[in-house]
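Structure file start03.txt; described as compact mmCIF, C-alpha atoms.
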# COMPACT_ATOMS: atom_id res chain seq x y z
CA MET A 9 93.22 91.58 144.69
CA GLU A 10 92.12 92.30 148.24
CA ALA A 11 90.61 88.87 148.43
CA LEU A 12 93.97 87.41 147.47
CA LEU A 13 95.77 89.40 150.16
CA THR A 14 93.41 88.35 152.90
CA ALA A 15 93.06 84.76 151.91
CA PRO A 16 95.19 82.03 153.52
CA ALA A 17 98.41 81.35 151.61
CA SER A 18 97.28 77.91 150.53
CA ASP A 19 94.14 79.42 148.96
CA TYR A 20 95.60 82.30 147.01
CA SER A 21 98.57 80.34 145.71
CA SER A 22 96.17 78.01 143.99
CA GLN A 23 94.25 80.99 142.62
CA MET A 24 97.45 82.62 141.35
CA VAL A 25 98.22 79.60 139.21
CA SER A 26 94.84 79.97 137.58
CA LEU A 27 95.62 83.61 136.71
CA GLU A 28 98.67 82.65 134.70
CA ARG A 29 98.72 81.96 130.96
CA PRO A 30 97.64 78.42 130.10
CA ALA A 31 100.41 75.88 130.47
CA LEU A 32 101.00 75.89 126.71
CA THR A 33 104.11 78.06 126.66
CA ASP A 34 106.39 76.21 124.30
CA GLU A 35 106.40 77.72 120.81
CA ALA A 36 106.40 74.21 119.33
CA ASP A 37 103.06 73.55 121.02
CA TRP A 38 101.55 76.71 119.56
CA ILE A 39 102.89 75.71 116.15
CA ALA A 40 101.41 72.24 116.50
CA ARG A 41 98.04 73.73 117.43
CA ALA A 42 98.20 76.17 114.52
CA GLN A 43 99.03 73.28 112.22
CA ARG A 44 95.74 71.77 113.31
CA SER A 45 94.03 74.92 111.93
CA ASP A 46 93.74 76.65 115.31
CA SER A 47 93.70 80.29 114.25
CA LYS A 48 93.96 81.48 117.87
CA ALA A 49 97.25 79.64 118.21
CA PHE A 50 98.40 81.22 114.97
CA GLU A 51 97.42 84.63 116.30
CA TYR A 52 99.65 83.95 119.29
CA LEU A 53 102.53 83.11 116.92
CA TYR A 54 101.77 86.27 114.96
CA ARG A 55 101.99 88.39 118.12
CA MET A 56 105.30 86.75 118.99
CA HIS A 57 106.90 87.36 115.61
CA ILE A 58 105.21 90.31 113.92
CA ASP A 59 107.71 92.95 115.06
CA ARG A 60 110.65 91.03 113.66
CA VAL A 61 108.87 90.15 110.42
CA TYR A 62 107.55 93.68 109.95
CA GLY A 63 110.99 95.11 110.78
CA LEU A 64 112.56 93.02 108.05
CA CYS A 65 109.85 93.99 105.54
CA LEU A 66 110.21 97.67 106.42
CA ARG A 67 113.99 97.63 106.12
CA MET A 68 113.81 95.78 102.80
CA THR A 69 111.08 97.92 101.23
CA GLY A 70 111.65 101.25 102.98
CA ASN A 71 107.93 101.89 102.76
CA VAL A 72 105.35 101.54 105.53
CA SER A 73 102.39 100.48 103.44
CA GLU A 74 104.46 98.04 101.35
CA ALA A 75 105.94 96.62 104.53
CA GLU A 76 102.49 96.15 106.04
CA ASP A 77 101.27 94.37 102.92
CA CYS A 78 104.36 92.18 102.82
CA ALA A 79 104.09 91.27 106.49
CA GLN A 80 100.42 90.40 106.03
CA ASP A 81 101.20 88.36 102.93
CA ALA A 82 103.97 86.58 104.79
CA PHE A 83 101.69 85.49 107.64
CA ILE A 84 98.90 84.48 105.27
CA GLN A 85 101.36 82.38 103.28
CA ALA A 86 102.81 80.98 106.47
CA TRP A 87 99.32 79.85 107.52
CA SER A 88 98.78 78.08 104.23
CA LYS A 89 102.22 76.43 104.37
CA LEU A 90 102.21 75.57 108.06
CA ASP A 91 101.83 71.87 107.39
CA ARG A 92 105.18 71.98 105.57
CA PHE A 93 107.00 73.41 108.59
CA ARG A 94 108.92 70.50 110.09
CA GLY A 95 111.04 72.40 112.59
CA ASP A 96 114.27 72.01 110.60
CA SER A 97 114.95 75.68 111.32
CA ALA A 98 113.63 78.06 113.95
CA PHE A 99 110.06 79.17 113.28
CA GLY A 100 111.23 82.80 113.17
CA THR A 101 113.81 81.99 110.49
CA TRP A 102 111.18 80.11 108.50
CA LEU A 103 108.89 83.16 108.75
CA HIS A 104 111.74 85.44 107.70
CA ARG A 105 112.32 83.38 104.60
CA ILE A 106 108.63 83.64 103.70
CA ALA A 107 108.71 87.38 104.37
CA VAL A 108 111.73 87.84 102.09
CA ASN A 109 109.88 85.92 99.37
CA ALA A 110 106.83 88.13 99.90
CA VAL A 111 108.98 91.25 99.50
CA LEU A 112 110.76 89.93 96.41
CA GLY A 113 107.47 88.72 94.93
CA ARG A 114 105.88 92.12 95.29
CA ILE A 115 108.92 93.82 93.80
CA ARG A 116 108.89 91.50 90.79
CA LYS A 117 105.13 91.82 90.41
CA SER A 118 104.98 95.56 90.22
CA LYS A 119 108.29 97.07 89.34
CA ARG A 120 106.63 100.24 88.15
CA GLU A 121 104.82 100.59 91.44
CA GLN A 122 108.11 100.14 93.24
CA ASP A 123 109.63 102.93 91.19
CA ARG A 124 106.74 105.18 92.13
CA ILE A 125 107.15 104.27 95.75
CA GLN A 126 110.89 104.84 95.54
CA ILE A 127 110.35 108.34 94.15
CA ALA A 128 107.78 109.10 96.84
CA PHE A 129 110.13 107.69 99.41
CA GLU A 130 113.08 109.76 98.26
CA GLN A 131 110.98 112.87 98.68
CA SER A 132 110.11 112.10 102.28
CA SER A 133 112.04 111.13 105.35
CA SER A 134 112.73 107.46 105.97
CA PRO A 135 109.92 105.67 107.83
CA VAL A 136 112.50 103.25 109.21
CA SER A 137 114.67 105.97 110.67
CA ALA A 138 111.92 106.89 113.14
CA THR A 139 112.80 103.77 115.09
CA ASP A 140 116.50 104.64 115.29
CA HIS A 141 118.24 107.55 116.98
CA GLY A 142 121.28 109.75 116.40
CA GLU A 143 123.92 108.13 114.20
CA MET A 144 121.72 105.09 113.88
CA ARG A 145 119.12 107.27 112.22
CA ASP A 146 121.70 108.52 109.72
CA LEU A 147 122.76 104.97 108.99
CA SER A 148 119.14 103.83 108.70
CA GLU A 149 118.41 106.52 106.14
CA ALA A 150 121.58 105.72 104.26
CA VAL A 151 120.62 102.03 104.13
CA ASP A 152 117.23 102.98 102.71
CA ARG A 153 118.93 104.89 99.92
CA LEU A 154 121.02 101.89 98.84
CA PRO A 155 120.21 100.23 95.53
CA GLU A 156 117.75 97.36 95.96
CA GLY A 157 120.17 94.42 95.66
CA ALA A 158 122.79 95.94 97.94
CA ARG A 159 120.14 97.00 100.44
CA HIS A 160 118.59 93.54 100.66
CA VAL A 161 121.96 91.88 101.26
CA PHE A 162 123.04 94.51 103.78
CA VAL A 163 119.77 94.20 105.73
CA LEU A 164 119.82 90.39 105.83
CA HIS A 165 123.56 89.96 106.46
CA ALA A 166 124.66 93.03 108.39
CA VAL A 167 121.47 93.90 110.27
CA TYR A 168 119.80 90.51 110.79
CA GLY A 169 123.01 88.47 110.94
CA TYR A 170 122.33 85.85 108.30
CA SER A 171 125.39 84.24 106.71
CA HIS A 172 126.16 84.85 103.05
CA GLU A 173 124.92 81.32 102.27
CA GLU A 174 121.63 81.96 104.07
CA THR A 175 121.31 85.41 102.53
CA GLY A 176 122.02 83.97 99.08
CA ASN A 177 119.43 81.24 99.60
CA MET A 178 116.78 83.72 100.68
CA LEU A 179 117.45 86.10 97.81
CA ASP A 180 118.05 83.31 95.30
CA ILE A 181 121.56 84.53 94.52
CA ALA A 182 124.99 82.93 94.94
CA ALA A 183 126.89 83.44 98.19
CA GLY A 184 129.62 85.17 96.17
CA THR A 185 127.07 87.62 94.79
CA SER A 186 125.90 88.29 98.32
CA LYS A 187 129.50 89.11 99.33
CA ALA A 188 129.92 91.38 96.33
CA GLN A 189 126.66 93.19 97.10
CA LEU A 190 127.72 93.62 100.71
CA HIS A 191 131.01 95.14 99.60
CA ARG A 192 129.11 97.49 97.30
CA ALA A 193 126.69 98.39 100.09
CA ARG A 194 129.54 99.18 102.50
CA ARG A 195 131.29 101.33 99.93
CA LEU A 196 128.11 103.29 99.15
CA LEU A 197 127.22 103.65 102.82
CA ALA A 198 130.69 104.89 103.72
CA GLN A 199 130.50 107.39 100.91
CA GLN A 200 127.05 108.61 101.96
CA LEU A 201 127.90 108.84 105.62
CA LYS A 202 131.15 110.66 104.88
CA GLU A 203 129.21 113.25 102.91
CA GLN A 204 126.91 113.67 105.90
CA GLY A 205 129.82 114.13 108.28
CA PHE A 206 129.38 110.73 109.94
CA GLU A 207 132.42 110.31 112.24
CA GLU A 208 135.04 107.88 111.02
CA MET B 16 137.68 94.71 106.24
CA ASN B 17 139.03 98.13 107.20
CA GLU B 18 138.20 100.35 110.15
CA THR B 19 135.22 101.97 108.42
CA ASP B 20 133.81 98.56 107.54
CA ASP B 21 134.21 97.46 111.15
CA LYS B 22 132.42 100.54 112.35
CA LEU B 23 129.67 100.07 109.80
CA ALA B 24 129.25 96.43 110.75
CA MET B 25 128.97 97.34 114.42
CA ALA B 26 126.56 100.14 113.68
CA ALA B 27 124.44 97.86 111.50
CA ARG B 28 124.17 95.43 114.40
CA GLY B 29 122.81 98.30 116.45
CA LEU B 30 119.93 99.00 114.09
CA ALA B 31 116.54 97.90 115.36
CA THR B 32 115.54 94.48 114.04
CA GLU B 33 112.13 94.49 115.69
CA ILE B 34 109.81 97.28 114.64
CA ALA B 35 106.16 97.33 115.66
CA PRO B 36 103.78 98.14 112.80
CA GLU B 37 101.79 101.33 113.22
CA ARG B 38 98.54 99.37 113.08
CA ASP B 39 97.47 95.89 114.06
CA LEU B 40 97.79 93.70 110.98
CA TRP B 41 96.08 90.69 112.54
CA PRO B 42 92.46 91.55 111.53
CA GLY B 43 93.44 91.49 107.83
CA ILE B 44 95.35 88.25 108.27
CA GLU B 45 92.54 86.68 110.25
CA ALA B 46 90.00 87.64 107.60
CA ALA B 47 92.18 86.12 104.88
CA ILE B 48 92.89 82.83 106.63
CA ASN B 49 89.30 82.35 107.74
CA ALA B 50 87.80 83.25 104.37
CA PRO B 51 86.29 80.30 102.53
CA LYS B 52 88.76 78.94 100.03
CA ARG B 53 88.02 80.26 96.58
CA SER B 54 87.94 77.99 93.63
CA ARG B 55 90.85 78.40 91.25
CA TRP B 56 88.26 78.81 88.51
CA THR B 57 87.92 82.38 87.44
CA PRO B 58 84.40 83.64 86.65
CA ILE B 59 85.18 83.83 82.93
CA LEU B 60 86.42 80.24 82.84
CA ALA B 61 83.41 79.06 84.78
CA GLN B 62 81.11 80.86 82.33
CA ALA B 63 82.96 79.41 79.40
CA ALA B 64 82.70 75.91 80.84
CA ALA B 65 78.97 76.45 81.39
CA VAL B 66 78.61 77.51 77.77
CA VAL B 67 80.36 74.35 76.58
CA LEU B 68 78.07 72.22 78.72
CA LEU B 69 75.04 74.08 77.42
CA VAL B 70 76.06 73.67 73.82
CA GLY B 71 76.86 70.00 74.32
CA ALA B 72 73.57 69.31 76.05
CA SER B 73 71.53 71.15 73.45
CA SER B 74 73.32 69.27 70.66
CA MET B 75 72.48 66.01 72.35
CA VAL B 76 68.81 66.93 72.76
CA THR B 77 68.57 67.99 69.14
CA TYR B 78 70.24 64.83 67.98
CA VAL B 79 67.83 62.69 69.97
CA VAL B 80 64.82 64.67 68.75
CA VAL B 81 65.91 64.53 65.13
CA LYS B 82 66.70 60.86 65.32
CA TYR B 83 63.36 60.11 66.95
CA ASP B 84 61.54 62.21 64.40
CA ASP B 85 63.51 60.62 61.60
CA ALA B 86 62.47 57.13 62.63
CA ASN B 87 58.88 57.65 63.70
CA THR B 88 57.31 60.65 62.08
CA PRO B 89 55.51 60.20 58.79
CA PRO B 90 56.03 62.88 56.16
CA GLN B 91 54.28 66.08 57.18
CA THR B 92 52.49 68.68 55.23
CA VAL B 93 54.77 71.40 54.00
CA VAL B 94 54.71 74.37 56.31
CA GLN B 95 56.18 77.76 55.57
CA VAL B 96 59.01 78.38 57.98
CA ALA B 97 59.85 81.90 59.03
CA PRO B 98 63.54 82.05 58.21
CA SER B 99 64.21 85.30 60.02
CA ASN B 100 65.64 83.68 63.14
CA LEU B 101 67.75 81.27 61.14
CA VAL B 102 69.75 83.76 59.15
CA PHE B 103 73.33 82.53 58.99
CA GLU B 104 75.18 85.35 60.63
CA GLN B 105 78.65 86.54 59.82
CA ALA B 106 80.86 84.95 62.46
CA ALA B 107 83.91 86.56 63.95
CA PHE B 108 86.43 86.08 66.74
CA GLY B 109 86.15 89.55 68.12
CA PRO B 110 87.74 92.58 66.51
CA ASP B 111 91.13 91.02 65.85
CA HIS B 112 90.20 87.73 64.26
CA THR B 113 87.88 86.42 61.58
CA LEU B 114 86.70 82.95 60.70
CA ASP B 115 88.17 81.05 57.84
CA SER B 116 86.24 81.50 54.58
CA LEU B 117 85.73 77.73 54.52
CA TYR B 118 83.32 78.10 57.41
CA GLY B 119 81.37 80.76 55.55
CA ARG B 120 81.03 78.59 52.46
CA ALA B 121 80.05 75.55 54.49
CA GLY B 122 77.54 77.63 56.42
CA GLY B 123 75.99 78.93 53.24
CA ASN B 124 75.53 75.44 51.84
CA VAL B 125 74.17 74.05 55.06
CA GLU B 126 71.75 76.91 55.53
CA SER B 127 69.85 76.15 52.35
CA ASP B 128 69.72 72.43 53.19
CA LEU B 129 68.53 73.25 56.68
CA ASP B 130 65.69 75.45 55.45
CA ARG B 131 64.57 72.78 53.09
CA GLU B 132 64.67 70.02 55.70
CA LEU B 133 62.98 72.09 58.37
CA GLN B 134 59.96 72.39 56.16
CA ASN B 135 59.66 68.60 56.19
CA LEU B 136 59.72 68.28 59.97
CA SER B 137 56.84 68.33 62.40
CA PRO B 138 56.19 71.73 64.05
CA GLU B 139 57.38 70.31 67.40
CA ALA B 140 60.65 69.02 66.02
CA ARG B 141 61.19 72.24 64.12
CA GLU B 142 60.60 74.23 67.28
CA ASP B 143 63.10 72.08 69.19
CA ILE B 144 65.73 72.57 66.54
CA ASN B 145 65.17 76.31 66.36
CA ARG B 146 65.33 76.57 70.11
CA ASN B 147 68.60 74.65 70.29
CA LEU B 148 70.10 76.62 67.46
CA ALA B 149 69.12 79.77 69.32
CA VAL B 150 70.87 78.49 72.45
CA MET B 151 74.00 77.74 70.46
CA ARG B 152 73.97 81.13 68.83
CA GLN B 153 73.50 82.80 72.16
CA ALA B 154 76.52 80.89 73.42
CA ILE B 155 78.46 82.05 70.36
CA ASP B 156 77.44 85.65 71.03
CA GLU B 157 78.50 85.40 74.67
CA ILE B 158 81.87 83.90 73.84
CA SER B 159 82.37 86.52 71.12
CA ALA B 160 81.57 89.25 73.63
CA ALA B 161 84.09 87.78 76.06
CA LEU B 162 86.65 87.60 73.25
CA GLU B 163 86.17 91.25 72.48
CA LYS B 164 87.37 91.96 76.00
CA GLU B 165 90.15 89.37 75.85
CA PRO B 166 90.96 88.96 72.15
CA ASN B 167 94.06 86.90 72.81
CA ASN B 168 92.48 84.40 75.17
CA VAL B 169 93.28 81.09 73.48
CA PHE B 170 90.81 79.18 75.62
CA LEU B 171 87.94 81.42 74.51
CA GLN B 172 89.07 81.17 70.89
CA GLU B 173 88.99 77.39 71.12
CA LEU B 174 85.59 77.51 72.75
CA LEU B 175 84.26 79.68 69.98
CA VAL B 176 85.60 77.36 67.30
CA GLU B 177 83.99 74.46 69.11
CA ALA B 178 80.68 76.30 69.41
CA TYR B 179 80.70 77.19 65.72
CA GLY B 180 81.57 73.58 64.95
CA ASN B 181 78.63 72.36 67.02
CA GLU B 182 76.29 74.77 65.32
CA LEU B 183 77.49 73.74 61.90
CA ALA B 184 77.30 70.05 62.80
CA MET B 185 73.72 70.36 63.96
CA MET B 186 72.66 72.33 60.92
CA ASN B 187 74.41 69.79 58.76
CA ARG B 188 72.77 66.89 60.55
CA VAL B 189 69.31 68.34 60.10
CA GLY B 190 70.05 69.46 56.56
CA ASN B 191 71.16 66.00 55.48
CA MET B 192 68.35 64.20 57.17
CA THR B 193 66.56 63.27 53.97
CA GLN B 194 69.73 61.94 52.45
CA ARG B 195 70.37 59.83 55.51
CA VAL B 196 66.83 58.50 55.43
CA MET B 197 67.16 57.71 51.74
CA ALA B 198 70.42 55.89 52.40
CA ARG B 199 68.94 53.64 55.05
CA LYS B 200 68.40 50.07 53.93
CA ASP B 201 66.34 48.93 56.87
CA ILE B 202 63.20 50.77 55.78
As a first step, turn the structure in this file into structure tokens.
Amino acid sequence: MEALLTAPASDYSSQMVSLERPALTDEADWIARAQRSDSKAFEYLYRMHIDRVYGLCLRMTGNVSEAEDCAQDAFIQAWSKLDRFRGDSAFGTWLHRIAVNAVLGRIRKSKREQDRIQIAFEQSSSPVSATDHGEMRDLSEAVDRLPEGARHVFVLHAVYGYSHEETGNMLDIAAGTSKAQLHRARRLLAQQLKEQGFEE
Amino acid sequence: MNETDDKLAMAARGLATEIAPERDLWPGIEAAINAPKRSRWTPILAQAAAVVLLVGASSMVTYVVVKYDDANTPPQTVVQVAPSNLVFEQAAFGPDHTLDSLYGRAGGNVESDLDRELQNLSPEAREDINRNLAVMRQAIDEISAALEKEPNNVFLQELLVEAYGNELAMMNRVGNMTQRVMARKDI
């Protein structure tokens, strides 16, 4: 650093450029590299998107270890399907869709395990709520207590902002069903929050 | 949408959408994507396929040996054959299934023909046949053992039927050798 300060401006400016990240900053370039089996590029994409993918998995499962497994599954599946990504949607949306499938797949695969997890979860505080504060924490815990179908729709539509059509596509249900589940989720949430003294 | 719904919708938008996992998940992902791709063949299927190949190959060898012996070997002196390793065993498809009685009857008939014909073969040919029969029976035992673990595995059941069929066919071929020789018009 001292060398930079004492060096002539023309010298250190050229050195500063070399300290920056390589010129490859566009996500599309990283995707293209990953599609050519560059695992380092894929790691970069993972670092960019993991928080959002993990957040979705955690909100949908309500369980840390399940969410970790789902997020890992999602990225592993994304790697194997990368050649099918054509850029029709944002890469993050494409990853989200894979993550939703990973969550639903795990739920279908081991329903009994899910029940066990649900019981364990009900006996402990919400892992998701740790990331939220105050009223948000109450809401987060209430969302976690929603029935599975209503919770999935609420998380995708109300929290992540997907339309009912997109939510329906991801969950393999009709848009009308998504609307009905959202209505049910709102009703249950209002009821829960009212019981907890959540301010109207 | 009433006031509560509005408030809920706004609150939902305020929930965190990005949550960092408590541990770095990349090492597990990296290990999975860099692992050599596994064959879709499961070990049990691979073993079963190997058994089929083994049975097929041994049948072919026996056929060639018997045919060669049939055409070139003059009648040999009668030799007492130890029948202990050629006892026709009770076959079964694991604990839940049994073979049709037709197979048992056919096996019984073929066994006596086989013993008789083996006595007419050269010691080398007899040894080849016994060895191949032993291989087939070992294959049958292995498939039966696998079936005991997976009694409803249709693939294994089919393999076992095929293995029994091969065994029976070979015994039958050897057992009818004299008849075939007698039926030939070129000698």
Next on the checklist: If the cut-off is 8 Å, can you tell me the residues of chain B near chain A, counting only C-alpha atoms? I'd like them as a list of chain:residue names.
Outcome noted: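 Listed by rising number, the hits are B:Thr19, B:Asp20, B:Lys22, B:Leu23, B:Ala24, B:Ala26, B:Ala27, B:Arg28, B:Gly29, B:Leu30, B:Ala31, B:Thr32, B:Glu33, B:Ile34, B:Ala35, B:Pro36, B:Leu40, B:Trp41, B:Gly43, B:Ile44, B:Glu45, B:Ala47, B:Ile48.
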Next on the checklist: List the spatial neighbours of Val70 of chain B as a ChimeraX atom specification - criterion: any atom at most 8 Å away, all atoms listed in the file, same-chain residues fewer than 5 positions off excluded.
Outcome noted: /B:150-151,154,178,181
Next on the checklist: One number please: atom CA of Gln189 of chain A to atom CA of Ala158 of chain A, in Å, one decimal.
Outcome noted: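 Going from atom CA of Gln189 of chain A over to atom CA of Ala158 of chain A covers 4.8 Å.
Atom CA of Lys89 of chain A sits 16.9 Å away from atom CA of Ala46 of chain B.
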Next on the checklist: If I take atom CA of Glu126 of chain B and atom CA of Met186 of chain B, how far is one from the other in Å, to one decimal?
Outcome noted: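 Spanning atom CA of Glu126 of chain B to atom CA of Met186 of chain B is a straight-line distance of 7.1 Å.
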Next on the checklist: Can you pull out the residues contacting Thr175 of chain A? Cut-off 12 Å, using only C-alpha atoms, and skip same-chain residues under 2 positions away; I want them as a PyMOL selection string.
Outcome noted: chain A and resi 101+104-105+108-109+157-173+177-187+189-190
Keeping C-alpha atoms, export the residues of the selection given above as a PDB file, in the frame of the given file.
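Below is the file that was written, result-v4.pdb:
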ATOM      1  CA  THR A 101     113.810  81.990 110.490  1.00  0.00           C
ATOM      2  CA  HIS A 104     111.740  85.440 107.700  1.00  0.00           C
ATOM      3  CA  ARG A 105     112.320  83.380 104.600  1.00  0.00           C
ATOM      4  CA  VAL A 108     111.730  87.840 102.090  1.00  0.00           C
ATOM      5  CA  ASN A 109     109.880  85.920  99.370  1.00  0.00           C
ATOM      6  CA  GLY A 157     120.170  94.420  95.660  1.00  0.00           C
ATOM      7  CA  ALA A 158     122.790  95.940  97.940  1.00  0.00           C
ATOM      8  CA  ARG A 159     120.140  97.000 100.440  1.00  0.00           C
ATOM      9  CA  HIS A 160     118.590  93.540 100.660  1.00  0.00           C
ATOM     10  CA  VAL A 161     121.960  91.880 101.260  1.00  0.00           C
ATOM     11  CA  PHE A 162     123.040  94.510 103.780  1.00  0.00           C
ATOM     12  CA  VAL A 163     119.770  94.200 105.730  1.00  0.00           C
ATOM     13  CA  LEU A 164     119.820  90.390 105.830  1.00  0.00           C
ATOM     14  CA  HIS A 165     123.560  89.960 106.460  1.00  0.00           C
ATOM     15  CA  ALA A 166     124.660  93.030 108.390  1.00  0.00           C
ATOM     16  CA  VAL A 167     121.470  93.900 110.270  1.00  0.00           C
ATOM     17  CA  TYR A 168     119.800  90.510 110.790  1.00  0.00           C
ATOM     18  CA  GLY A 169     123.010  88.470 110.940  1.00  0.00           C
ATOM     19  CA  TYR A 170     122.330  85.850 108.300  1.00  0.00           C
ATOM     20  CA  SER A 171     125.390  84.240 106.710  1.00  0.00           C
ATOM     21  CA  HIS A 172     126.160  84.850 103.050  1.00  0.00           C
ATOM     22  CA  GLU A 173     124.920  81.320 102.270  1.00  0.00           C
ATOM     23  CA  ASN A 177     119.430  81.240  99.600  1.00  0.00           C
ATOM     24  CA  MET A 178     116.780  83.720 100.680  1.00  0.00           C
ATOM     25  CA  LEU A 179     117.450  86.100  97.810  1.00  0.00           C
ATOM     26  CA  ASP A 180     118.050  83.310  95.300  1.00  0.00           C
ATOM     27  CA  ILE A 181     121.560  84.530  94.520  1.00  0.00           C
ATOM     28  CA  ALA A 182     124.990  82.930  94.940  1.00  0.00           C
ATOM     29  CA  ALA A 183     126.890  83.440  98.190  1.00  0.00           C
ATOM     30  CA  GLY A 184     129.620  85.170  96.170  1.00  0.00           C
ATOM     31  CA  THR A 185     127.070  87.620  94.790  1.00  0.00           C
ATOM     32  CA  SER A 186     125.900  88.290  98.320  1.00  0.00           C
ATOM     33  CA  LYS A 187     129.500  89.110  99.330  1.00  0.00           C
ATOM     34  CA  GLN A 189     126.660  93.190  97.100  1.00  0.00           C
ATOM     35  CA  LEU A 190     127.720  93.620 100.710  1.00  0.00           C
TER      36      LEU A 190
END
